[in-house]
>>> print(open('start-v2.cif').read())   # mmCIF, C-alpha atoms
data_data
loop_
_atom_site.label_atom_id
_atom_site.label_comp_id
_atom_site.auth_asym_id
_atom_site.auth_seq_id
_atom_site.Cartn_x
_atom_site.Cartn_y
_atom_site.Cartn_z
CA MET A 30 -3.94 -14.61 11.51
CA ASP A 31 -3.42 -13.76 15.14
CA ALA A 32 -4.79 -16.54 17.39
CA LYS A 33 -6.15 -14.11 19.99
CA LEU A 34 -8.01 -12.14 17.34
CA LEU A 35 -9.45 -15.33 15.88
CA GLU A 36 -10.80 -16.27 19.32
CA ILE A 37 -12.93 -13.12 19.55
CA LEU A 38 -14.14 -12.91 15.95
CA ALA A 39 -17.54 -14.42 15.15
CA CYS A 40 -19.64 -15.06 12.08
CA PRO A 41 -21.89 -12.04 11.45
CA VAL A 42 -24.78 -14.34 10.50
CA CYS A 43 -24.91 -16.97 13.27
CA LYS A 44 -22.36 -15.55 15.74
CA GLY A 45 -20.54 -18.89 15.64
CA ALA A 46 -16.84 -19.66 15.50
CA LEU A 47 -14.76 -18.83 12.46
CA HIS A 48 -11.89 -20.94 11.16
CA TRP A 49 -8.93 -19.52 9.28
CA HIS A 50 -8.32 -21.07 5.87
CA LYS A 51 -4.69 -20.14 5.51
CA ARG A 52 -4.23 -21.05 1.85
CA ALA A 53 -7.24 -19.00 0.68
CA ASP A 54 -6.71 -16.33 3.39
CA GLU A 55 -10.37 -16.45 4.37
CA LEU A 56 -12.32 -16.89 7.58
CA VAL A 57 -14.82 -19.73 7.26
CA CYS A 58 -18.07 -20.35 9.11
CA ARG A 59 -18.70 -24.09 8.84
CA VAL A 60 -22.31 -23.79 10.08
CA ASP A 61 -23.43 -21.26 7.44
CA ARG A 62 -20.92 -22.47 4.82
CA LEU A 63 -19.68 -18.93 4.25
CA ALA A 64 -16.13 -17.68 3.66
CA TYR A 65 -15.20 -14.10 4.51
CA PRO A 66 -12.20 -12.44 2.83
CA ILE A 67 -9.18 -11.01 4.60
CA ARG A 68 -8.00 -7.89 2.76
CA ASP A 69 -4.69 -6.26 3.64
CA GLY A 70 -4.68 -8.25 6.88
CA ILE A 71 -8.17 -7.06 7.89
CA PRO A 72 -11.08 -9.53 8.09
CA VAL A 73 -14.12 -8.26 6.17
CA LEU A 74 -16.98 -9.65 8.24
CA LEU A 75 -19.95 -8.23 6.41
CA GLU A 76 -22.77 -10.61 5.55
CA GLU A 77 -22.85 -9.42 1.94
CA GLU A 78 -19.10 -10.11 1.56
CA GLY A 79 -19.48 -13.78 2.53
CA ARG A 80 -18.86 -16.27 -0.25
CA SER A 81 -21.05 -19.39 -0.28
CA MET A 82 -19.15 -22.64 -0.03
CA THR A 83 -20.10 -26.18 -0.98
CA SER A 84 -20.16 -28.82 1.74
CA ASP A 85 -17.11 -30.41 0.05
CA GLU A 86 -15.15 -27.14 0.36
CA VAL A 87 -16.09 -26.83 4.04
CA ALA A 88 -15.03 -30.41 4.71
CA LEU A 89 -11.51 -29.60 3.46
CA ILE A 90 -11.05 -26.82 6.05
CA SER A 91 -9.30 -28.13 9.14
#
>>> encode(input="start-v2.cif", output="structure tokens")
Amino acid sequence: MDAKLLEILACPVCKGALHWHKRADELVCRVDRLAYPIRDGIPVLLEEEGRSMTSDEVALIS
């Protein structure tokens, strides 16, 4: 994930920062506990595409 692109992307729900989970290839919003997929190198930042995460899953994202 390009660092400059990651700086300008925001969660579609809360407009907060997203964190790249490299292993799962997802963008994670820690506040809303949502993970958004990256398909063919393109982040899919649609609210309905967000996957709910447990607090334990979010804690593992660094």
>>> closest_residue(input="start-v2.cif", among="A:Leu38, A:Arg68, A:Met30, A:Glu77", to="His50 of chain A", atoms="all atoms listed in the file")
A:Met30
>>> resolve_selection(input="start-v2.cif", expression="the PyMOL selection byres ((chain A and resi 75) around 12)", output="ChimeraX atom specification")
/A:39-42,56,63-67,71-74,76-80
>>> axis_aligned_box(input="start-v2.cif", around="segment 72-84 of chain A", padding_each_side="4 Å", output="lines of an AutoDock Vina configuration file")
center_x = -17.0
center_y = -18.5
center_z = 3.6
size_x = 19.8
size_y = 28.6
size_z = 17.2
>>> atom_distance(input="start-v2.cif", atom1="atom CA of Cys58 of chain A", atom2="atom CA of Gly45 of chain A")
7.1 Å
>>> atom_distance(input="start-v2.cif", atom1="atom CA of Ala53 of chain A", atom2="atom CA of Asp85 of chain A")
15.1 Å
>>> residues_around(input="start-v2.cif", residues="Asp31 of chain A", least_positions_apart="4", cutoff="12 Å", atoms="only C-alpha atoms", output="ChimeraX atom specification")
/A:35-38,48-49,51,70-72
>>> resolve_selection(input="start-v2.cif", expression="the PyMOL selection byres ((chain A and resi 88) around 12)", output="PyMOL selection string")
chain A and resi 48+50+57-60+62+82-87+89-91
>>> build_atoms(input="start-v2.cif", residues="segment 62-74 of chain A", atoms="N, CA and C atoms", output="short mmCIF file (atom, residue, chain, number, x, y, z; two decimals), keeping the file's coordinate frame")
data_model
loop_
_atom_site.label_atom_id
_atom_site.label_comp_id
_atom_site.auth_asym_id
_atom_site.auth_seq_id
_atom_site.Cartn_x
_atom_site.Cartn_y
_atom_site.Cartn_z
N ARG A 62 -21.66 -22.21 6.05
CA ARG A 62 -20.92 -22.47 4.82
C ARG A 62 -20.63 -21.18 4.07
N LEU A 63 -20.06 -20.22 4.82
CA LEU A 63 -19.68 -18.93 4.25
C LEU A 63 -18.20 -18.68 4.50
N ALA A 64 -17.53 -18.05 3.53
CA ALA A 64 -16.13 -17.68 3.66
C ALA A 64 -16.03 -16.17 3.54
N TYR A 65 -15.36 -15.55 4.49
CA TYR A 65 -15.20 -14.10 4.51
C TYR A 65 -13.75 -13.75 4.15
N PRO A 66 -13.56 -12.78 3.27
CA PRO A 66 -12.20 -12.44 2.83
C PRO A 66 -11.41 -11.70 3.91
N ILE A 67 -10.11 -11.80 3.78
CA ILE A 67 -9.18 -11.01 4.60
C ILE A 67 -8.43 -10.13 3.60
N ARG A 68 -8.63 -8.83 3.70
CA ARG A 68 -8.00 -7.89 2.76
C ARG A 68 -6.99 -7.02 3.49
N ASP A 69 -5.78 -7.03 3.02
CA ASP A 69 -4.69 -6.26 3.64
C ASP A 69 -4.59 -6.55 5.13
N GLY A 70 -4.79 -7.83 5.49
CA GLY A 70 -4.68 -8.25 6.88
C GLY A 70 -5.89 -7.96 7.74
N ILE A 71 -6.97 -7.44 7.14
CA ILE A 71 -8.17 -7.06 7.89
C ILE A 71 -9.33 -7.95 7.47
N PRO A 72 -9.92 -8.71 8.42
CA PRO A 72 -11.08 -9.53 8.09
C PRO A 72 -12.29 -8.66 7.72
N VAL A 73 -12.94 -8.99 6.61
CA VAL A 73 -14.12 -8.26 6.17
C VAL A 73 -15.34 -9.11 6.54
N LEU A 74 -15.90 -8.83 7.72
CA LEU A 74 -16.98 -9.65 8.24
C LEU A 74 -18.33 -8.98 8.04
#
